[in-house]
Amino acid sequence: MAEYESRSGSFWVYRLKYQSGDVTFVEWCSLFTLCLAPLIAHIVAGFPLPSYLSPRHPKWNERIALYNPTSILWRYAAITDRRIRARTWDRRDLAATNALFWTSHGWDGSEEMVTLSSPYCTRLPRDTRVNLFSTEFLKTVIVTLQGLQNVVSIVLALGDGSHSRDGFVTYMGVDLIFFPLAFIGLVRLFCAIWLTDEFMYSMAQSSSHGPELQDIPTKDGDRRVSHDSLLHEDLSAPVLQEDRFLPTSYWASKAFRAIFLLPTLFLLGVTLLFILQPDGGKEFTFTAFLVALFYFIFLSTASLICGYYLARGHTSTTIPCLASRWYKAYTGIIMGMALVMVIVSCIETRSTACGRWTSAPLDYGDSSACSNGQITDVIEVGLDESPGFGVSTAKPRVDLDNNTLGDGEFWVRNFTGTCLGAFNSTLMRHVSTLEEVEFGNRNDTF
């Protein structure tokens with residue numbers, strides 16, 4: 001192991017060790033499903049399909065920053081804040097607030113888009129809040145359950161160890177490296193009732209050489225194309241943006257902006273506790289160290305970015321720095337670290353005796369993952385590894401050589417495997433002589 005010294009104490013990181021040789025193909029499929037499920041679920045739930053209001057579609061480098069979890073956190077904050085500040089809230093507000101607009105000048109989630117996008121709207125939601133039988137509501141239920149599981153598992157892992165088997169595995173395997181991202185599901189609850197994908201914006205009604213979004217006038221007399229739920233919508237002139245929303249100095253908006261980052265800061269605090277133990281020492285597998293480093297960088301950066309824009313009173317539903325080079329570079333670093341985590345954890349992942357997965361060797365991995373209060377000892381038993389352990393049995397009473405057990409006597413049979421349990425009694429009997437006897441075609445020891 002490599003040891004590092006710090007002012008607060010010492011900690012060490014185990015060298016990268018290949019332990020996944022016994023993992024089968026079916027188990028790999030299960031592991032990758034568990035690994036990627038939180039990541040994919042929150043990316044898919046975090047943003048709707050883009051609404052293109054320009055003939056030119058975005059390039060890959062203009063899309064990539066959308067998949068940064070920081071962008072998703074900001075979107076949830078902006079939607080909630082806009083609803084809090086709305087003087088009136090109709091279906092047009094709900095649709096435009098949820099839409100991801102691509103225009104001739106890039107991604108645009110400003111409040112003005114409620115008015116400017118109206119001529120391109122071909123479908124509006126049926127109500128001013130989420131439909132309980134919609135895909136968005138189903139997404140909310142799924143990611144919220146993941147978020148609750150995340151919080152409970154972390155709390156159990158921070159306890160006295162009596163519920164470690166139900167909690168987050170400290171020396172996690174590849175199946176849990178993205179599990180902490182599930183906290184985004186709880187952040188989503190802030191705006192859950194105002195999330196919808198039941199809208200549509202399209203340029204199909206105009207030619208590819210027609211006027212682009214920034215050229216659309218907003219004076220009286222404008223009309224938009226009406227289809228589907230728009231057929232019976234009031235087509236009066238749009239209300240100006242400054243009349244639709246209260247300023248960010250509104251007290252309820254200030255209160256929300258003050259509390260929004262609390263779940264993120266909580267997880268950041270847990271990450272710091274994981275890295276900097278109160279007793280001054282900590283052991284890490286290479287996987288656990290990379291995971292802790294990843295979440296510390298992501299959570300601290302996300303808190304700083306979102307906190308800055310919340311304090312500055314930004315209202316766009318797309319994070320203001322989305323098109324900047326430094327934000328794209330930050331997104332690239334996060335994605336690169338995530339890829340390295342996957343590769344390293346795949347090398348170190350192995351199965352424990354209780355069926356959970358860990359990146360630690362037996363001495364630390366099994367006891368950490370399998371302890372539940374009753375199980376305190378994990379012992380690997382085998383003829384070569386631990387010749388001092390075996391399994392005692394009183395059957396059969398007679399072996400092939402007609403040796404018969406007396407009262408209080410037992411056979412001791414060699415056993416290869418792992419024992420889970422606790423040494424909670426004194427020694428029951430002293431045996432001074434071992435001989436080999438035959439049970440059928442197998443050699444055993446008594």
# chains A, B, ... in the order shown; residues from 1 in each chain; ligands from 1

$ residues_around --residues "stretch 285-296 of chain A" --least-positions-apart "4" --cutoff "10 Å" --atoms "only C-alpha atoms" --output "ChimeraX atom specification"
/A:1,12-17,169-174,176-178,180-181,267-272,274-275,300-302,333-335,337-338,340-349,358-361,364-365

$ residues_around --residues "stretch 54-69 of chain A" --least-positions-apart "3" --cutoff "7 Å" --atoms "only C-alpha atoms" --output "PyMOL selection string"
chain A and resi 43+72-73+102-104+208+212+322-323+328+331

$ residues_around --residues "A:Ala96" --least-positions-apart "6" --cutoff "8 Å" --atoms "only C-alpha atoms" --output "list of chain:residue names"
A:Met113, A:Val114, A:Ser117

$ residues_around --residues "A:Pro247" --least-positions-apart "5" --cutoff "10 Å" --atoms "only C-alpha atoms" --output "number ranges by chain"
A: 82, 85-86, 242, 253, 313, 315

$ write_last_selection --atoms "N, CA and C atoms" --output "mmCIF file, in the first residue's frame"
data_model
loop_
_atom_site.group_PDB
_atom_site.id
_atom_site.type_symbol
_atom_site.label_atom_id
_atom_site.label_comp_id
_atom_site.auth_asym_id
_atom_site.auth_seq_id
_atom_site.Cartn_x
_atom_site.Cartn_y
_atom_site.Cartn_z
ATOM 1 N N ARG A 82 -38.820 30.295 -11.268
ATOM 2 C CA ARG A 82 -39.707 30.989 -12.203
ATOM 3 C C ARG A 82 -41.170 30.802 -11.796
ATOM 4 N N ARG A 85 -42.059 33.093 -8.934
ATOM 5 C CA ARG A 85 -42.147 34.514 -9.279
ATOM 6 C C ARG A 85 -43.245 34.825 -10.292
ATOM 7 N N ALA A 86 -43.935 33.812 -10.794
ATOM 8 C CA ALA A 86 -44.948 34.045 -11.822
ATOM 9 C C ALA A 86 -46.159 34.773 -11.241
ATOM 10 N N GLU A 242 -41.894 41.438 -18.584
ATOM 11 C CA GLU A 242 -41.794 42.105 -17.299
ATOM 12 C C GLU A 242 -43.104 42.078 -16.517
ATOM 13 N N SER A 253 -38.673 34.145 -3.632
ATOM 14 C CA SER A 253 -37.572 33.741 -4.511
ATOM 15 C C SER A 253 -36.255 33.729 -3.748
ATOM 16 N N GLY A 313 -28.950 36.355 -9.347
ATOM 17 C CA GLY A 313 -30.308 36.570 -9.818
ATOM 18 C C GLY A 313 -30.573 36.137 -11.246
ATOM 19 N N THR A 315 -32.051 33.934 -14.261
ATOM 20 C CA THR A 315 -33.362 33.283 -14.348
ATOM 21 C C THR A 315 -33.495 32.313 -15.516
#

$ select_by_dssp --residues "stretch 285-357 of chain A" --states "helix (DSSP H, G or I)" --output "NGL selection string"
:A and (286-312 or 325-348)

$ closest_residue --among "A:Phe179, A:Phe137, A:Phe199, A:Trp89" --to "A:Pro48" --atoms "only C-alpha atoms"
A:Phe199

$ residues_around --residues "stretch 147-150 of chain A" --least-positions-apart "4" --cutoff "10 Å" --atoms "only C-alpha atoms" --output "PDB file with N, CA, C and O atoms, in the first residue's frame"
ATOM      1  N   PRO A  38     -28.467   4.777 -12.345  1.00  0.00           N
ATOM      2  CA  PRO A  38     -28.651   6.137 -11.797  1.00  0.00           C
ATOM      3  C   PRO A  38     -28.197   7.219 -12.757  1.00  0.00           C
ATOM      4  O   PRO A  38     -28.848   8.265 -12.879  1.00  0.00           O
ATOM      5  N   VAL A 141     -41.197   9.687  -9.926  1.00  0.00           N
ATOM      6  CA  VAL A 141     -41.348   8.601  -8.957  1.00  0.00           C
ATOM      7  C   VAL A 141     -40.083   7.738  -8.920  1.00  0.00           C
ATOM      8  O   VAL A 141     -39.567   7.411  -7.835  1.00  0.00           O
ATOM      9  N   ILE A 142     -39.562   7.398 -10.082  1.00  0.00           N
ATOM     10  CA  ILE A 142     -38.384   6.517 -10.148  1.00  0.00           C
ATOM     11  C   ILE A 142     -37.171   7.177  -9.514  1.00  0.00           C
ATOM     12  O   ILE A 142     -36.491   6.587  -8.659  1.00  0.00           O
ATOM     13  N   VAL A 143     -36.871   8.409  -9.915  1.00  0.00           N
ATOM     14  CA  VAL A 143     -35.655   9.058  -9.412  1.00  0.00           C
ATOM     15  C   VAL A 143     -35.810   9.463  -7.939  1.00  0.00           C
ATOM     16  O   VAL A 143     -34.809   9.523  -7.212  1.00  0.00           O
ATOM     17  N   ILE A 154     -26.696   5.897   2.813  1.00  0.00           N
ATOM     18  CA  ILE A 154     -25.568   6.680   3.313  1.00  0.00           C
ATOM     19  C   ILE A 154     -25.673   6.855   4.827  1.00  0.00           C
ATOM     20  O   ILE A 154     -24.672   6.744   5.548  1.00  0.00           O
ATOM     21  N   VAL A 155     -26.883   7.111   5.341  1.00  0.00           N
ATOM     22  CA  VAL A 155     -27.065   7.264   6.788  1.00  0.00           C
ATOM     23  C   VAL A 155     -26.706   5.971   7.511  1.00  0.00           C
ATOM     24  O   VAL A 155     -26.034   5.986   8.551  1.00  0.00           O
ATOM     25  N   GLY A 167     -26.460  -0.724   4.194  1.00  0.00           N
ATOM     26  CA  GLY A 167     -26.017   0.608   3.833  1.00  0.00           C
ATOM     27  C   GLY A 167     -25.112   0.628   2.614  1.00  0.00           C
ATOM     28  O   GLY A 167     -24.909  -0.378   1.931  1.00  0.00           O
ATOM     29  N   PHE A 168     -24.585   1.801   2.342  1.00  0.00           N
ATOM     30  CA  PHE A 168     -23.686   2.003   1.219  1.00  0.00           C
ATOM     31  C   PHE A 168     -22.360   1.311   1.508  1.00  0.00           C
ATOM     32  O   PHE A 168     -21.806   1.435   2.602  1.00  0.00           O
ATOM     33  N   PHE A 179     -24.009   5.618  -7.791  1.00  0.00           N
ATOM     34  CA  PHE A 179     -25.177   5.583  -6.916  1.00  0.00           C
ATOM     35  C   PHE A 179     -25.419   6.914  -6.195  1.00  0.00           C
ATOM     36  O   PHE A 179     -26.575   7.344  -6.057  1.00  0.00           O
ATOM     37  N   PRO A 180     -24.378   7.624  -5.714  1.00  0.00           N
ATOM     38  CA  PRO A 180     -24.638   8.903  -5.038  1.00  0.00           C
ATOM     39  C   PRO A 180     -25.311   9.951  -5.915  1.00  0.00           C
ATOM     40  O   PRO A 180     -25.908  10.900  -5.397  1.00  0.00           O
ATOM     41  N   LEU A 181     -25.237   9.808  -7.252  1.00  0.00           N
ATOM     42  CA  LEU A 181     -25.918  10.764  -8.129  1.00  0.00           C
ATOM     43  C   LEU A 181     -27.431  10.732  -7.949  1.00  0.00           C
ATOM     44  O   LEU A 181     -28.133  11.654  -8.375  1.00  0.00           O
ATOM     45  N   ALA A 182     -27.932   9.683  -7.311  1.00  0.00           N
ATOM     46  CA  ALA A 182     -29.375   9.566  -7.112  1.00  0.00           C
ATOM     47  C   ALA A 182     -29.927  10.681  -6.233  1.00  0.00           C
ATOM     48  O   ALA A 182     -31.142  10.898  -6.208  1.00  0.00           O
ATOM     49  N   PHE A 183     -29.061  11.422  -5.521  1.00  0.00           N
ATOM     50  CA  PHE A 183     -29.561  12.528  -4.706  1.00  0.00           C
ATOM     51  C   PHE A 183     -30.248  13.588  -5.569  1.00  0.00           C
ATOM     52  O   PHE A 183     -31.061  14.371  -5.069  1.00  0.00           O
ATOM     53  N   ILE A 184     -29.936  13.618  -6.877  1.00  0.00           N
ATOM     54  CA  ILE A 184     -30.577  14.574  -7.775  1.00  0.00           C
ATOM     55  C   ILE A 184     -32.086  14.336  -7.792  1.00  0.00           C
ATOM     56  O   ILE A 184     -32.875  15.258  -8.014  1.00  0.00           O
ATOM     57  N   GLY A 185     -32.499  13.086  -7.552  1.00  0.00           N
ATOM     58  CA  GLY A 185     -33.923  12.782  -7.516  1.00  0.00           C
ATOM     59  C   GLY A 185     -34.657  13.540  -6.430  1.00  0.00           C
ATOM     60  O   GLY A 185     -35.825  13.916  -6.592  1.00  0.00           O
ATOM     61  N   LEU A 186     -33.985  13.794  -5.298  1.00  0.00           N
ATOM     62  CA  LEU A 186     -34.609  14.574  -4.230  1.00  0.00           C
ATOM     63  C   LEU A 186     -34.633  16.057  -4.576  1.00  0.00           C
ATOM     64  O   LEU A 186     -35.580  16.772  -4.220  1.00  0.00           O
ATOM     65  N   VAL A 187     -33.599  16.534  -5.252  1.00  0.00           N
ATOM     66  CA  VAL A 187     -33.586  17.934  -5.698  1.00  0.00           C
ATOM     67  C   VAL A 187     -34.717  18.180  -6.691  1.00  0.00           C
ATOM     68  O   VAL A 187     -35.320  19.261  -6.727  1.00  0.00           O
ATOM     69  N   ARG A 188     -35.022  17.176  -7.495  1.00  0.00           N
ATOM     70  CA  ARG A 188     -36.091  17.295  -8.500  1.00  0.00           C
ATOM     71  C   ARG A 188     -37.449  17.568  -7.851  1.00  0.00           C
ATOM     72  O   ARG A 188     -38.344  18.154  -8.484  1.00  0.00           O
TER      73      ARG A 188
END

$ atom_distance --atom1 "atom CA of A:Ile193" --atom2 "atom CA of A:Val44"
17.5 Å

$ residues_around --residues "A:Thr393" --least-positions-apart "2" --cutoff "7 Å" --atoms "only C-alpha atoms" --output "list in words"
Val391, Lys395, Phe410, Trp411 and Val412 of chain A

$ atom_distance --atom1 "atom CA of A:Ser71" --atom2 "atom CA of A:Phe47"
9.2 Å

$ residues_around --residues "A:Arg87" --least-positions-apart "3" --cutoff "10 Å" --atoms "only C-alpha atoms" --output "list of chain:residue names"
A:Arg82, A:Arg83, A:Ile84, A:Glu242, A:Asp243, A:Arg244, A:Phe245, A:Leu246

$ closest_residue --among "A:Phe284, A:Thr317, A:Leu262, A:Thr115" --to "A:Gly46" --atoms "only C-alpha atoms"
A:Thr317

$ atom_distance --atom1 "atom CA of A:Cys35" --atom2 "atom CA of A:Asp175"
4.2 Å
